[in-house]
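Presented below is the structure to which this report refers.
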Amino acid sequence: MGNERRLLTLVVCLVLGIGLTAAVLGAARVAAPDSTSHSGMNSRDYVDIRDVPPGPGDPAAGPDASTGTVTVECGRNEEHHYNEDNLVVSPGLRSGAHHTHAYVGNLTTDAMSTDASLAAAATSCRGGDRSTYYWPVLRRTDRAGAHPQEHSAGHGNTGEILPEAAVSVEFRGSPVGKVVPLPRFLRAMTGDAVAATAGSDADVRARWGCSGSPDRFTTRYPRCPAGERLTRTLVFPGCWNGLDTESPGHRSHLAFPAANGVCPQGMFAVPQLRLSLAYDVPPGVPVAVDSFPEQRHSPKTDHAMFVDAMTDAQMAAVVDCLNQGRACRT
């Protein structure tokens with residue numbers, strides 16, 4: 001009887017020990033070393049921007065370069081246009097993104113949008129551009145928030161949405177030649193929403209930074225000095241196959257130029273979209289970009305989408321400005 005009691009006591013102790021270990025490990029997965037409590041994020045997701053070396057500059061412009069710039073003034077989503085849809089990747093599927101997107105431009109964009117509805121909609125862009133530009137929201141994970149997308153978006157994406165303090169929608173030309181127009185209703189994407197589990201960084205385009213160090217970019221969340229804004233720069237492909245407005249996988253009809261600015265063989269240089277976002281984030285505040293659950297809000301998964309709904313005349317004006325080397329605003 002004594003041996004049986006000792007054996008029972010040993011079993012109970014083992015069970016309690018295993019349970020306690022599991023609880024500790026579980027807490028470690030939720031609470032990171034820097035006290036960030038958000039779906040497994042930890043201090044390795046962050047970097048002091050001063051520890052990031054300056055990156056390479058843009059390639060030098062050749063004699064035939066299209067050196068102009070076109071800034072499309074579309075506000076910074078003062079309309080609070082948010083949803084969990086993705087018209088480019090999952091058209092017709094409500095909440096198909098599994099995370100919340102923020103928009104500028106076309107004010108009606110959702111999963112059910114069509115070319116016709118985009119062409120007829122109101123827009124936040126001053127010059128009448130009805131294109132849609134969107135990206136996953138950035139959140140403060142230390143605050144619950146009060147808006148619907150801050151507590152009911154689901155899939156582990158919770159927290160106060162950080163509003164963009166500034167949004168720049170800019171088109172640039174090619175350093176090696178003239179650009180041709182983008183076709184109306186072309187769909188485009190940049191970045192890799194599944195980068196954390198993809199096994200390759202081939203499609204990663206995340207460029208996080210701080211306003212005081214415009215030449216430094218990282219694929220991690222930057223810790224910025226006091227008084228500086230956290231930035232996200234989302235650069236789209238600048239080469240087009242000349243045929244398609246969409247393709248399987250949403251990528252192959254477009255491509256990025258090589259480091260010297262030259263497009264792949266058989267492709268044409270087009271106006272290259274650059275979205276620049278800035279946020280007021282107090283030092284030390286934990287942030288998280290919305291993501292699929294298994295991506296655990298990795299900063300590498302930053303991405304954005306674009307549907308070109310400019311009229312032919314509007315796109316022609318963009319191309320002329322770029323090819324003539326002017327700085328234009330619309």
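Here, A, B, ... name the chains of the structure tokens in the order displayed, residue numbers run from 1 inside each chain, and ligands are numbered from 1 in the same displayed order.
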Excluding same-chain residues fewer than 6 positions from stretch 166-168 of chain A, what lies within 10 Å of it counting only C-alpha atoms, as a ChimeraX atom specification?
/A:71-77,104,229,231-233,274-280
Please report as a Markdown table every residue of stretch 257-319 of chain A lying within 10 Å of stretch 105-127 of chain A, along with the nearest atom pair and their distance in Å (one decimal), using only C-alpha atoms.
```
| residue | atom | partner | partner_atom | distance |
| --- | --- | --- | --- | --- |
| A:Phe306 | CA | A:Gly105 | CA | 9.9 |
| A:Val307 | CA | A:Leu118 | CA | 9.2 |
| A:Asp308 | CA | A:Leu118 | CA | 9.5 |
| A:Ala309 | CA | A:Ala119 | CA | 6.3 |
| A:Met310 | CA | A:Ala119 | CA | 8.2 |
| A:Thr311 | CA | A:Ala119 | CA | 8.5 |
| A:Gln314 | CA | A:Gly127 | CA | 9.0 |
```
Please, could you write that set of residues out with C-alpha atoms as a JSON list (two decimals), in the first residue's frame?
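Wrote it out as again19.json, contents follow:
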```
[["chain", "number", "residue", "atom", "x", "y", "z"],
["A", 306, "PHE", "CA", -3.30, 48.89, -56.54],
["A", 307, "VAL", "CA", -6.05, 48.90, -59.15],
["A", 308, "ASP", "CA", -5.53, 51.49, -61.87],
["A", 309, "ALA", "CA", -8.83, 53.26, -62.56],
["A", 310, "MET", "CA", -7.36, 56.39, -64.14],
["A", 311, "THR", "CA", -8.94, 57.49, -67.39],
["A", 314, "GLN", "CA", -5.22, 60.95, -66.79]]
```
Closest pair table for stretch 244-309 of chain A residues within 12 Å of stretch 79-89 of chain A, only C-alpha atoms, as JSON lines:
```
{"residue": "A:Thr245", "atom": "CA", "partner": "A:Val88", "partner_atom": "CA", "distance": 10.9}
{"residue": "A:Glu246", "atom": "CA", "partner": "A:Val88", "partner_atom": "CA", "distance": 8.8}
{"residue": "A:Ser247", "atom": "CA", "partner": "A:Val88", "partner_atom": "CA", "distance": 10.5}
{"residue": "A:Pro248", "atom": "CA", "partner": "A:Val89", "partner_atom": "CA", "distance": 9.8}
{"residue": "A:Gly249", "atom": "CA", "partner": "A:Val89", "partner_atom": "CA", "distance": 8.1}
{"residue": "A:His250", "atom": "CA", "partner": "A:Val89", "partner_atom": "CA", "distance": 7.1}
{"residue": "A:Arg251", "atom": "CA", "partner": "A:Val89", "partner_atom": "CA", "distance": 10.5}
{"residue": "A:Asp290", "atom": "CA", "partner": "A:Glu84", "partner_atom": "CA", "distance": 10.2}
{"residue": "A:Ser291", "atom": "CA", "partner": "A:Glu84", "partner_atom": "CA", "distance": 10.8}
{"residue": "A:Phe292", "atom": "CA", "partner": "A:Glu84", "partner_atom": "CA", "distance": 11.2}
{"residue": "A:His303", "atom": "CA", "partner": "A:Asn86", "partner_atom": "CA", "distance": 11.7}
{"residue": "A:Ala304", "atom": "CA", "partner": "A:Asn86", "partner_atom": "CA", "distance": 10.0}
{"residue": "A:Met305", "atom": "CA", "partner": "A:Val88", "partner_atom": "CA", "distance": 6.9}
{"residue": "A:Phe306", "atom": "CA", "partner": "A:Val88", "partner_atom": "CA", "distance": 7.8}
{"residue": "A:Val307", "atom": "CA", "partner": "A:Val88", "partner_atom": "CA", "distance": 7.5}
{"residue": "A:Asp308", "atom": "CA", "partner": "A:Val88", "partner_atom": "CA", "distance": 11.1}
```
Could you pull out the residues in stretch 33-141 of chain A that DSSP calls alpha helix (DSSP H) from the backbone, as a PyMOL selection string?
chain A and resi 115-120
Serialized selection, N, CA and C atoms, as a compact mmCIF listing (two decimals), in the first residue's frame:
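Generated file (out12.txt):
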```
# COMPACT_ATOMS: atom_id res chain seq x y z
N ASP A 115 -14.93 46.75 -62.43
CA ASP A 115 -14.35 47.86 -63.19
C ASP A 115 -15.36 48.99 -63.35
N ALA A 116 -16.61 48.61 -63.62
CA ALA A 116 -17.65 49.62 -63.82
C ALA A 116 -17.94 50.39 -62.54
N SER A 117 -17.98 49.71 -61.41
CA SER A 117 -18.28 50.42 -60.16
C SER A 117 -17.12 51.32 -59.75
N LEU A 118 -15.88 50.88 -60.00
CA LEU A 118 -14.74 51.74 -59.70
C LEU A 118 -14.77 53.00 -60.57
N ALA A 119 -15.10 52.83 -61.83
CA ALA A 119 -15.11 53.96 -62.76
C ALA A 119 -16.17 54.99 -62.42
N ALA A 120 -17.22 54.57 -61.69
CA ALA A 120 -18.33 55.48 -61.38
C ALA A 120 -18.28 56.03 -59.97
```
At a cut-off of 8 Å, can you tabulate as a Markdown table every residue of stretch 130-223 of chain A near stretch 60-69 of chain A together with its closest atom pair and the distance in Å to one decimal, using only C-alpha atoms and ordering rows by chain then number?
```
| residue | atom | partner | partner_atom | distance |
| --- | --- | --- | --- | --- |
| A:Glu170 | CA | A:Thr69 | CA | 6.9 |
| A:Phe171 | CA | A:Thr69 | CA | 5.8 |
| A:Arg172 | CA | A:Thr69 | CA | 4.9 |
| A:Gly173 | CA | A:Ser66 | CA | 4.8 |
| A:Ser174 | CA | A:Ser66 | CA | 5.3 |
| A:Pro175 | CA | A:Ala61 | CA | 4.3 |
| A:Val176 | CA | A:Ala65 | CA | 4.6 |
| A:Gly177 | CA | A:Ala65 | CA | 4.3 |
| A:Lys178 | CA | A:Ser66 | CA | 5.1 |
| A:Val179 | CA | A:Ser66 | CA | 6.8 |
```
For the residues in the current selection, export N, CA and C atoms as a PDB file, in the first residue's frame.
```pdb
ATOM      1  N   GLU A 170       2.898  58.338 -55.235  1.00  0.00           N
ATOM      2  CA  GLU A 170       3.815  58.934 -56.209  1.00  0.00           C
ATOM      3  C   GLU A 170       4.145  57.934 -57.314  1.00  0.00           C
ATOM      4  N   PHE A 171       4.212  58.435 -58.541  1.00  0.00           N
ATOM      5  CA  PHE A 171       4.674  57.633 -59.670  1.00  0.00           C
ATOM      6  C   PHE A 171       6.027  58.170 -60.123  1.00  0.00           C
ATOM      7  N   ARG A 172       6.941  57.251 -60.426  1.00  0.00           N
ATOM      8  CA  ARG A 172       8.259  57.607 -60.928  1.00  0.00           C
ATOM      9  C   ARG A 172       8.504  56.920 -62.263  1.00  0.00           C
ATOM     10  N   GLY A 173       9.473  57.470 -63.004  1.00  0.00           N
ATOM     11  CA  GLY A 173       9.795  56.916 -64.307  1.00  0.00           C
ATOM     12  C   GLY A 173      10.899  55.874 -64.232  1.00  0.00           C
ATOM     13  N   SER A 174      11.572  55.676 -65.351  1.00  0.00           N
ATOM     14  CA  SER A 174      12.642  54.686 -65.473  1.00  0.00           C
ATOM     15  C   SER A 174      13.979  55.396 -65.642  1.00  0.00           C
ATOM     16  N   PRO A 175      15.050  54.910 -64.990  1.00  0.00           N
ATOM     17  CA  PRO A 175      16.357  55.550 -65.140  1.00  0.00           C
ATOM     18  C   PRO A 175      17.030  55.263 -66.475  1.00  0.00           C
ATOM     19  N   VAL A 176      16.444  54.375 -67.272  1.00  0.00           N
ATOM     20  CA  VAL A 176      17.115  53.994 -68.526  1.00  0.00           C
ATOM     21  C   VAL A 176      16.316  54.331 -69.778  1.00  0.00           C
ATOM     22  N   GLY A 177      15.063  54.762 -69.646  1.00  0.00           N
ATOM     23  CA  GLY A 177      14.289  55.047 -70.845  1.00  0.00           C
ATOM     24  C   GLY A 177      12.927  55.632 -70.535  1.00  0.00           C
ATOM     25  N   LYS A 178      12.135  55.828 -71.573  1.00  0.00           N
ATOM     26  CA  LYS A 178      10.798  56.369 -71.428  1.00  0.00           C
ATOM     27  C   LYS A 178       9.832  55.283 -70.947  1.00  0.00           C
ATOM     28  N   VAL A 179       8.722  55.723 -70.354  1.00  0.00           N
ATOM     29  CA  VAL A 179       7.709  54.778 -69.885  1.00  0.00           C
ATOM     30  C   VAL A 179       6.502  54.817 -70.804  1.00  0.00           C
TER      31      VAL A 179
END
```
Can I get the residues of stretch 245-316 of chain A within 7 Å of stretch 198-217 of chain A, each with the closest pair of atoms and their distance in Å to one decimal, using only C-alpha atoms, sorted chain first then ascending number, as a Markdown table?
```
| residue | atom | partner | partner_atom | distance |
| --- | --- | --- | --- | --- |
| A:Lys300 | CA | A:Ala206 | CA | 5.6 |
| A:Thr301 | CA | A:Ala206 | CA | 6.9 |
| A:Asp302 | CA | A:Ala206 | CA | 5.3 |
| A:His303 | CA | A:Ala206 | CA | 6.9 |
```
Let's have the selection written as an mmCIF file, in the first residue's frame, with C-alpha atoms.
```cif
data_model
loop_
_atom_site.group_PDB
_atom_site.id
_atom_site.type_symbol
_atom_site.label_atom_id
_atom_site.label_comp_id
_atom_site.auth_asym_id
_atom_site.auth_seq_id
_atom_site.Cartn_x
_atom_site.Cartn_y
_atom_site.Cartn_z
ATOM 1 C CA LYS A 300 8.386 41.030 -43.494
ATOM 2 C CA THR A 301 4.800 40.416 -44.616
ATOM 3 C CA ASP A 302 4.115 44.079 -45.388
ATOM 4 C CA HIS A 303 2.353 44.447 -48.733
#
```
Quick one: residues within 10 Å of A:Asp312, only C-alpha atoms, excluding same-chain residues fewer than 3 positions away - as a ChimeraX atom specification?
/A:181-184,309,315-318
Go ahead and save the residues from that selection, with C-alpha atoms, as a PDB file, in the first residue's frame.
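Ended up saving to selection_0.pdb:
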```pdb
ATOM      1  CA  PRO A 181       1.017  53.924 -70.046  1.00  0.00           C
ATOM      2  CA  LEU A 182      -0.367  51.397 -67.607  1.00  0.00           C
ATOM      3  CA  PRO A 183      -3.570  49.828 -68.947  1.00  0.00           C
ATOM      4  CA  ARG A 184      -6.813  50.854 -67.289  1.00  0.00           C
ATOM      5  CA  ALA A 309      -8.827  53.257 -62.559  1.00  0.00           C
ATOM      6  CA  MET A 315      -2.697  58.175 -67.432  1.00  0.00           C
ATOM      7  CA  ALA A 316      -1.416  59.966 -70.535  1.00  0.00           C
ATOM      8  CA  ALA A 317      -0.763  63.057 -68.417  1.00  0.00           C
ATOM      9  CA  VAL A 318       1.216  60.944 -65.917  1.00  0.00           C
TER      10      VAL A 318
END
```
Name all residues at most 9 Å from A:Pro264 (count only C-alpha atoms; drop same-chain ones fewer than 6 positions away) and give them as a list of chain:residue names.
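In the requested format, the answer is A:Cys239, A:Ala255, A:Phe256, A:Pro257, A:Ala258.
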Could you pull out the residues in stretch 66-303 of chain A that DSSP calls strand (DSSP E or B) from the backbone, as a short mmCIF file (atom, residue, chain, number, x, y, z; two decimals) with C-alpha atoms, in the first residue's frame?
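Ended up saving to out_36.cif:
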```cif
data_model
loop_
_atom_site.label_atom_id
_atom_site.label_comp_id
_atom_site.auth_asym_id
_atom_site.auth_seq_id
_atom_site.Cartn_x
_atom_site.Cartn_y
_atom_site.Cartn_z
CA THR A 69 7.64 62.49 -60.72
CA VAL A 70 3.87 62.61 -60.34
CA THR A 71 2.31 63.02 -56.90
CA VAL A 72 -1.38 62.08 -56.69
CA TYR A 82 -11.42 50.02 -43.86
CA ASN A 83 -12.49 46.46 -44.62
CA HIS A 101 -6.89 47.06 -45.12
CA ALA A 102 -6.78 50.86 -45.19
CA TYR A 103 -7.53 52.73 -48.42
CA VAL A 104 -7.01 55.98 -50.24
CA GLY A 105 -8.42 56.87 -53.62
CA ASN A 106 -11.60 55.11 -54.66
CA THR A 123 -12.64 59.34 -54.81
CA THR A 132 -7.69 52.27 -55.41
CA TYR A 133 -4.57 52.10 -53.25
CA TYR A 134 -4.58 49.94 -50.10
CA TRP A 135 -2.42 48.19 -47.50
CA PRO A 136 -2.80 46.32 -44.16
CA LEU A 138 -0.70 49.10 -38.46
CA ARG A 139 -1.85 48.70 -34.85
CA ARG A 140 -0.77 49.62 -31.35
CA GLU A 160 -5.91 50.33 -31.82
CA ILE A 161 -5.41 51.18 -35.50
CA ALA A 166 0.93 61.24 -43.93
CA VAL A 167 0.34 59.29 -47.15
CA SER A 168 2.21 59.93 -50.39
CA VAL A 169 1.06 58.39 -53.68
CA GLU A 170 3.81 58.93 -56.21
CA PHE A 171 4.67 57.63 -59.67
CA ARG A 172 8.26 57.61 -60.93
CA ARG A 187 -4.30 44.93 -60.89
CA ALA A 188 -0.96 45.12 -59.09
CA MET A 189 0.55 43.99 -55.82
CA THR A 190 3.83 44.36 -54.00
CA GLY A 191 5.28 42.46 -51.06
CA TRP A 208 10.32 50.01 -42.79
CA GLY A 209 12.15 53.11 -41.64
CA CYS A 210 12.16 56.39 -39.70
CA THR A 218 14.72 47.34 -42.80
CA TYR A 221 9.90 47.13 -37.07
CA PRO A 222 12.18 50.12 -36.51
CA ARG A 223 12.68 51.82 -33.18
CA LEU A 230 7.81 55.45 -38.32
CA THR A 231 7.61 54.95 -42.09
CA ARG A 232 6.57 52.27 -44.56
CA THR A 233 7.61 52.52 -48.22
CA LEU A 234 5.78 50.21 -50.61
CA VAL A 235 7.29 50.16 -54.10
CA CYS A 239 7.81 46.68 -65.79
CA TRP A 240 4.75 45.30 -67.65
CA LEU A 254 4.45 42.73 -63.88
CA ALA A 255 8.08 42.65 -62.76
CA PHE A 268 8.13 47.55 -70.94
CA ALA A 269 8.93 50.27 -68.42
CA GLN A 272 6.31 52.87 -61.01
CA LEU A 273 4.01 53.43 -58.05
CA ARG A 274 5.51 54.25 -54.66
CA LEU A 275 3.31 54.48 -51.55
CA SER A 276 4.94 56.20 -48.59
CA LEU A 277 3.16 55.99 -45.22
CA ALA A 278 4.15 57.71 -41.98
CA TYR A 279 2.93 57.22 -38.40
CA VAL A 287 3.23 47.88 -33.11
CA ALA A 288 1.97 45.11 -35.37
CA VAL A 289 0.99 45.01 -39.01
CA HIS A 303 2.35 44.45 -48.73
#
```
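Of note, atom CA of A:Thr158 and atom CA of A:Ala146 are spaced 10.5 Å apart.
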